Structure formats: structure tokens, C-alpha cells
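Asker: I am sharing final21.tsv, which consists of TSV, C-alpha atoms and all ligand atoms:
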chain	number	residue	atom	x	y	z
J	1	MET	CA	-0.28	28.11	-4.26
J	2	GLN	CA	3.03	28.48	-6.07
J	3	TYR	CA	5.07	25.65	-7.50
J	4	MET	CA	8.76	26.14	-8.03
J	5	THR	CA	10.41	24.39	-10.93
J	6	MET	CA	12.48	21.52	-9.56
J	7	PRO	CA	15.92	21.42	-11.21
J	8	PRO	CA	17.27	17.93	-12.00
J	9	GLY	CA	18.96	16.21	-9.07
J	10	GLN	CA	17.74	18.68	-6.42
J	11	HIS	CA	15.02	16.69	-4.66
J	12	ARG	CA	15.25	16.64	-0.90
J	13	LEU	CA	13.75	14.37	1.73
J	14	PRO	CA	10.83	16.32	3.24
J	15	PRO	CA	10.86	16.30	7.05
J	16	LEU	CA	8.01	14.45	8.75
J	17	PRO	CA	5.29	16.89	9.85
J	18	TYR	CA	5.28	15.25	13.32
J	19	ALA	CA	7.60	13.48	15.73
J	20	TYR	CA	8.85	9.98	14.95
J	21	ASN	CA	6.78	8.57	17.82
J	22	ALA	CA	3.65	10.59	16.96
J	23	LEU	CA	1.94	7.75	15.11
J	24	GLU	CA	2.29	5.19	17.90
J	25	PRO	CA	0.86	2.73	18.62
J	26	VAL	CA	-0.26	2.23	15.01
J	27	ILE	CA	3.23	2.83	13.62
J	28	SER	CA	6.13	2.52	16.03
J	29	GLU	CA	8.87	5.12	16.33
J	30	ARG	CA	11.42	2.57	15.16
J	31	ALA	CA	9.43	1.59	12.08
J	32	LEU	CA	8.68	5.19	11.13
J	33	ARG	CA	12.30	6.23	11.57
J	34	ILE	CA	13.54	3.48	9.26
J	35	HIS	CA	10.71	4.01	6.77
J	36	HIS	CA	11.31	7.76	6.50
J	37	ASP	CA	15.06	8.13	7.08
J	38	LYS	CA	16.20	5.06	5.16
J	39	HIS	CA	13.56	3.95	2.69
J	40	HIS	CA	12.16	7.31	1.62
J	41	LYS	CA	15.67	8.81	1.62
J	42	ALA	CA	16.82	6.07	-0.74
J	43	TYR	CA	14.05	7.02	-3.18
J	44	VAL	CA	15.10	10.68	-3.09
J	45	ASP	CA	18.76	9.80	-3.64
J	46	GLY	CA	17.90	7.37	-6.42
J	47	LEU	CA	15.68	9.91	-8.17
J	48	ASN	CA	18.39	12.59	-8.06
J	49	LYS	CA	20.94	10.13	-9.39
J	50	ALA	CA	18.69	9.09	-12.27
J	51	GLU	CA	17.96	12.70	-13.24
J	52	ILE	CA	21.65	13.67	-13.17
J	53	ASN	CA	22.58	10.68	-15.28
J	54	LEU	CA	19.89	11.55	-17.80
J	55	VAL	CA	21.26	15.10	-18.00
J	56	LYS	CA	24.64	13.55	-18.85
J	57	ALA	CA	23.03	11.22	-21.38
J	58	ARG	CA	21.44	14.19	-23.14
J	59	GLN	CA	24.70	16.17	-23.11
J	60	ASN	CA	26.69	13.26	-24.52
J	61	ASN	CA	23.89	12.01	-26.74
J	62	ASP	CA	24.61	8.61	-25.22
J	63	TYR	CA	21.49	6.58	-24.47
J	64	ALA	CA	23.14	3.20	-23.96
J	65	TYR	CA	21.57	2.94	-20.48
J	66	ILE	CA	18.27	4.63	-21.23
J	67	LYS	CA	16.14	1.71	-20.01
J	68	TYR	CA	18.00	1.50	-16.74
J	69	TRP	CA	17.79	5.22	-15.95
J	70	GLU	CA	14.16	5.55	-17.06
J	71	ASN	CA	13.31	2.65	-14.76
J	72	GLN	CA	15.21	4.31	-11.91
J	73	LEU	CA	13.40	7.57	-12.65
J	74	SER	CA	10.02	5.86	-12.34
J	75	PHE	CA	10.80	3.63	-9.39
J	76	ASN	CA	12.36	6.37	-7.30
J	77	GLY	CA	10.20	9.22	-8.55
J	78	SER	CA	7.00	7.37	-7.73
J	79	GLY	CA	8.45	6.25	-4.41
J	80	HIS	CA	9.35	9.83	-3.49
J	81	ILE	CA	5.97	11.26	-4.51
J	82	LEU	CA	3.85	8.55	-2.88
J	83	HIS	CA	5.80	8.58	0.40
J	84	SER	CA	5.70	12.38	0.55
J	85	ILE	CA	1.92	12.25	0.25
J	86	PHE	CA	1.71	9.30	2.65
J	87	TRP	CA	3.35	11.32	5.45
J	88	THR	CA	0.98	14.24	4.99
J	89	ILE	CA	-2.22	12.18	4.94
J	90	MET	CA	-1.46	10.72	8.36
J	91	ALA	CA	-1.64	12.47	11.74
J	92	PRO	CA	-1.43	11.42	15.40
J	93	ILE	CA	-4.47	9.46	16.63
J	94	GLY	CA	-7.38	11.72	17.52
J	95	THR	CA	-6.12	14.70	15.52
J	96	GLY	CA	-7.08	13.77	11.97
J	97	GLY	CA	-10.75	14.73	12.19
J	98	GLN	CA	-13.53	13.39	9.94
J	99	PRO	CA	-13.83	13.37	6.14
J	100	GLY	CA	-14.52	16.97	5.09
J	101	PRO	CA	-17.66	18.09	3.22
J	102	GLN	CA	-16.18	17.83	-0.29
J	103	THR	CA	-14.47	14.51	0.52
J	104	THR	CA	-17.73	13.12	1.85
J	105	ASN	CA	-19.65	14.53	-1.06
J	106	GLN	CA	-17.33	12.95	-3.63
J	107	ILE	CA	-17.06	9.63	-1.80
J	108	VAL	CA	-20.79	9.25	-1.32
J	109	GLY	CA	-21.51	10.56	-4.82
J	110	TYR	CA	-19.34	7.90	-6.45
J	111	PHE	CA	-19.07	4.95	-4.05
J	112	GLY	CA	-22.56	5.23	-2.59
J	113	THR	CA	-21.60	5.20	1.08
J	114	TYR	CA	-18.51	5.85	3.12
J	115	ASP	CA	-18.56	2.20	4.25
J	116	ALA	CA	-18.63	0.94	0.66
J	117	PHE	CA	-15.66	3.16	-0.16
J	118	LYS	CA	-13.77	1.98	2.91
J	119	GLU	CA	-14.46	-1.68	2.17
J	120	GLN	CA	-13.24	-1.39	-1.42
J	121	PHE	CA	-10.16	0.62	-0.45
J	122	GLU	CA	-9.21	-1.85	2.27
J	123	THR	CA	-9.72	-4.88	0.06
J	124	ALA	CA	-7.89	-3.32	-2.87
J	125	ALA	CA	-4.92	-2.46	-0.64
J	126	GLU	CA	-4.96	-5.88	0.97
J	127	LYS	CA	-5.02	-7.73	-2.32
J	128	VAL	CA	-2.24	-5.86	-4.09
J	129	GLU	CA	0.06	-8.57	-5.39
J	130	ALA	CA	3.48	-8.41	-3.75
J	131	SER	CA	4.42	-4.81	-2.97
J	132	GLY	CA	2.51	-1.72	-3.91
J	133	TRP	CA	-0.11	0.76	-2.81
J	134	GLY	CA	-3.82	1.22	-2.51
J	135	ILE	CA	-4.56	4.63	-3.89
J	136	LEU	CA	-7.54	6.94	-4.02
J	137	ILE	CA	-7.14	9.24	-6.93
J	138	TRP	CA	-8.88	12.26	-8.34
J	139	GLN	CA	-9.29	11.62	-12.00
J	140	PRO	CA	-9.32	15.10	-13.55
J	141	ALA	CA	-10.53	13.73	-16.87
J	142	TRP	CA	-13.74	12.46	-15.29
J	143	ARG	CA	-14.00	14.88	-12.39
J	144	ARG	CA	-14.35	12.08	-9.88
J	145	LEU	CA	-12.56	9.80	-7.49
J	146	GLU	CA	-11.34	6.27	-8.17
J	147	ILE	CA	-9.62	3.55	-6.17
J	148	LEU	CA	-6.62	1.90	-7.79
J	149	GLN	CA	-4.24	-0.87	-6.92
J	150	CYS	CA	-0.71	0.18	-7.66
J	151	GLU	CA	1.30	-2.98	-8.11
J	152	LYS	CA	4.98	-2.11	-8.18
J	153	HIS	CA	4.84	1.65	-8.30
J	154	GLN	CA	7.74	1.86	-10.71
J	155	ASN	CA	5.75	0.63	-13.65
J	156	LEU	CA	7.33	3.38	-15.73
J	157	THR	CA	5.12	6.07	-14.33
J	158	GLN	CA	5.19	8.79	-11.71
J	159	TRP	CA	1.90	9.08	-9.86
J	160	GLY	CA	0.25	12.41	-10.31
J	161	GLY	CA	1.73	13.05	-13.70
J	162	ILE	CA	-0.84	14.24	-16.24
J	163	PRO	CA	-0.28	12.98	-19.80
J	164	ILE	CA	0.48	15.83	-22.22
J	165	LEU	CA	1.78	14.02	-25.29
J	166	VAL	CA	1.29	10.32	-25.82
J	167	CYS	CA	2.57	7.94	-28.44
J	168	ASP	CA	0.92	4.56	-28.86
J	169	VAL	CA	3.59	1.92	-29.41
J	170	TRP	CA	1.40	-1.14	-29.13
J	171	GLU	CA	1.86	-3.21	-32.27
J	172	HIS	CA	-1.73	-2.52	-33.28
J	173	ALA	CA	-0.77	1.14	-33.70
J	174	TYR	CA	1.93	0.60	-36.30
J	175	TYR	CA	2.28	-3.01	-37.41
J	176	LEU	CA	0.22	-2.80	-40.60
J	177	ASP	CA	2.28	0.13	-41.85
J	178	TYR	CA	5.72	-0.50	-40.36
J	179	GLN	CA	5.71	-4.19	-39.37
J	180	ASN	CA	8.44	-4.60	-36.75
J	181	LYS	CA	10.09	-1.23	-37.45
J	182	ARG	CA	8.75	0.61	-34.43
J	183	LYS	CA	11.50	3.20	-34.54
J	184	GLU	CA	10.63	4.16	-38.08
J	185	TYR	CA	7.01	4.59	-37.01
J	186	ILE	CA	7.98	6.84	-34.09
J	187	ASN	CA	10.27	8.94	-36.30
J	188	ALA	CA	7.44	9.47	-38.74
J	189	TRP	CA	4.89	10.04	-36.02
J	190	TRP	CA	6.53	13.30	-34.91
J	191	ASP	CA	5.21	14.93	-38.05
J	192	LEU	CA	1.69	14.24	-36.84
J	193	VAL	CA	1.99	15.92	-33.48
J	194	ASN	CA	-0.56	18.69	-32.93
J	195	TRP	CA	1.49	21.14	-30.88
J	196	HIS	CA	-1.40	23.56	-30.53
J	197	GLU	CA	-3.25	20.84	-28.69
J	198	VAL	CA	-0.18	19.91	-26.68
J	199	GLU	CA	0.15	23.54	-25.58
J	200	LYS	CA	-3.49	23.62	-24.51
J	201	ARG	CA	-3.13	20.34	-22.62
J	202	LEU	CA	-0.08	21.67	-20.82
J	203	LEU	CA	-1.94	24.80	-19.72
J	204	PHE	CA	-4.81	22.69	-18.40
J	205	ALA	CA	-2.44	20.36	-16.58
J	206	MET	CA	-0.57	23.28	-15.04
J	207	GLY	CA	-3.85	24.29	-13.40
J	208	GLY	CA	-3.72	21.05	-11.42
J	209	GLN	CA	-2.22	21.04	-7.94
J	210	MET	CA	-0.68	18.23	-5.91
J	211	PRO	CA	1.31	19.61	-2.97
J	212	LEU	CA	3.85	17.26	-1.41
J	213	MET	CA	3.87	19.09	1.89
J	214	LEU	CA	1.30	20.06	4.48
J	215	VAL	CA	-1.02	22.83	3.43
J	216	HIS	CA	-1.41	25.71	5.90
J	217	ASN	CA	-4.29	28.10	5.31
J	218	GLY	CA	-4.35	27.21	1.65
J	219	ARG	CA	-0.63	27.89	1.30
J	220	VAL	CA	2.23	25.48	0.81
J	221	ASN	CA	5.78	26.28	1.72
J	222	PHE	CA	7.77	24.67	-1.10
J	223	ARG	CA	11.10	26.25	-0.03
I	301	MN	MN	7.15	2.69	1.86
Go ahead and render the structure in this file as C-alpha cells.
Answerer:
Amino acid sequence: MQYMTMPPGQHRLPPLPYAYNALEPVISERALRIHHDKHHKAYVDGLNKAEINLVKARQNNDYAYIKYWENQLSFNGSGHILHSIFWTIMAPIGTGGQPGPQTTNQIVGYFGTYDAFKEQFETAAEKVEASGWGILIWQPAWRRLEILQCEKHQNLTQWGGIPILVCDVWEHAYYLDYQNKRKEYINAWWDLVNWHEVEKRLLFAMGGQMPLMLVHNGRVNFR
């Protein structure tokens, strides 16, 4: 499987892997058309716009709107990634098959039974406050599955991203030494960064795979 580097502002709306009416009667043609063509498209456009504006911010060294564009990056980036996956993990009724051997193995191994998994997933999704997602994740750190509620997917993250370099900016991390001068703490913190470890983490993370399109015979056409 080969990933291409995505240049800033070049994301495109992936076509649905089936017809607009293929998910009826569970999801109507009208609903799917609006969801894909309007809602998902808006995420793609918003993500491109945020990335382009951040390119400009870097060029001009002007970060006056950094909070706005970072929020747009998260909101639209997560929306694009989650919807892309959403389309691929659905199929017309009767064609989706049963949980595969590894899926079953991992579900039963962690949740006990398929029914227990299903009950928790359903309830978690149902009880998400306001808008969001129910999500089954593979946690690479623990080599196992987990079910998460994603309340407002923009919470300054992009699902699927693997942390490479992290800076703790909770007050407990710096208040004794820097009081309210968080910026001073961050400036100083750079001198502590272990880049050897960052490099290793990056190599590990790059071994991870999360295709956003249908996989055919173990291959993904990323175009
Ligand atoms: Mn949606």
C-alpha cells in the first residue's frame, strides 16, 4: 500500500463506492446525496481553505488568526477523514458479509462477545451529547480495539493522527517554574526535545495504515 504525500489545499471529495440509492431503505437516496455532495464536500473545501491560509500565515509570519484556522483545520479535517471512512465501511444490504476472523478475534478478545461489543457501541453512539460519532478504534499503543464517543469531532484533533511530538501545556506542567508565562515555558521547552526519539516515533507511525478509499486485493488506489 502506497501513500502519496498530500500537498496543502489539494484534498478532493472521494466518490461514493456505490450508487446514491444503494443504501436504501436504511439511508435514502436523497439523504445520501445531500450528506455526501453537500456536507462532506463542505468539509473538503473547508480543509483546503484552512491549509492554504496556514501556508500564507507561515509565508507572512502572520499568526493573527491562528486559532481560527487551526479550528477550521481540525473541524474540517476530522469531518473529511471520518466521512471518507464512513462511506467505505457501509455497503448495500446483504453485501457486507460477517465480521472477519481478525475482527471477530479482536472483538471477542477485548469485549467478551460480539453482542457485548454491539451493545456498547450502540449505546455510546446513541448517548453522544449533541453531534458527534461513535467510533471503534485500533489503539496501536495497546494493540487492541476501543470504543470511543467523539463529541464534536473538531476538538482540535484529526482522527487517525498518531502523536509524534507532544507538549504538555496544562498549568501543572509549567506553573511552578513559569507561573502564567506559558509562552516562556514553551520557548524553553524546545531545548528539551529528544529528536532521536521523535525520529523513531515518526518511523513507527509511518508503518501505520489508514486508507480512505476501498481496498481492492490489498491495494488502494490513492490517485
Ligand atoms: Mn456527517
Asker: Name the residues, by chain letter and number, that sit within 12 Å of ligand MN 301 (chain I) using only C-alpha atoms and all ligand atoms, and give them as an NGL selection string.
Answerer: :J and (31-43 or 75-76 or 78-87 or 131-134 or 152-153)
Asker: How far is it from atom CA of Ser74 of chain J to atom CA of Thr103 of chain J, in Å with one decimal?
Answerer: 29.0 Å
Asker: Assuming 4 Å of padding per side, give the centre and edge lengths of the axis-aligned box around every listed atom of segment 77-80 of chain J, in Å to one decimal and as AutoDock Vina command-line options.
Answerer:
--center_x 8.6 --center_y 8.0 --center_z -6.0 --size_x 11.2 --size_y 11.6 --size_z 13.1
Asker: Kindly give the distance, in Å, that separates atom CA of Asn61 of chain J and atom CA of Pro7 of chain J, rounded to a single decimal.
Answerer: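 That distance, rounded to one decimal, is 19.8 Å.
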Asker: Neighbouring residues of segment 188-194 of chain J were defined as those with any atom within 12 Å, considering only C-alpha atoms; residues of the same chain fewer than 6 positions away were excluded. Please report them as a ChimeraX atom specification.
Answerer: /J:164-169,173-174,177-178,181-182,200-201
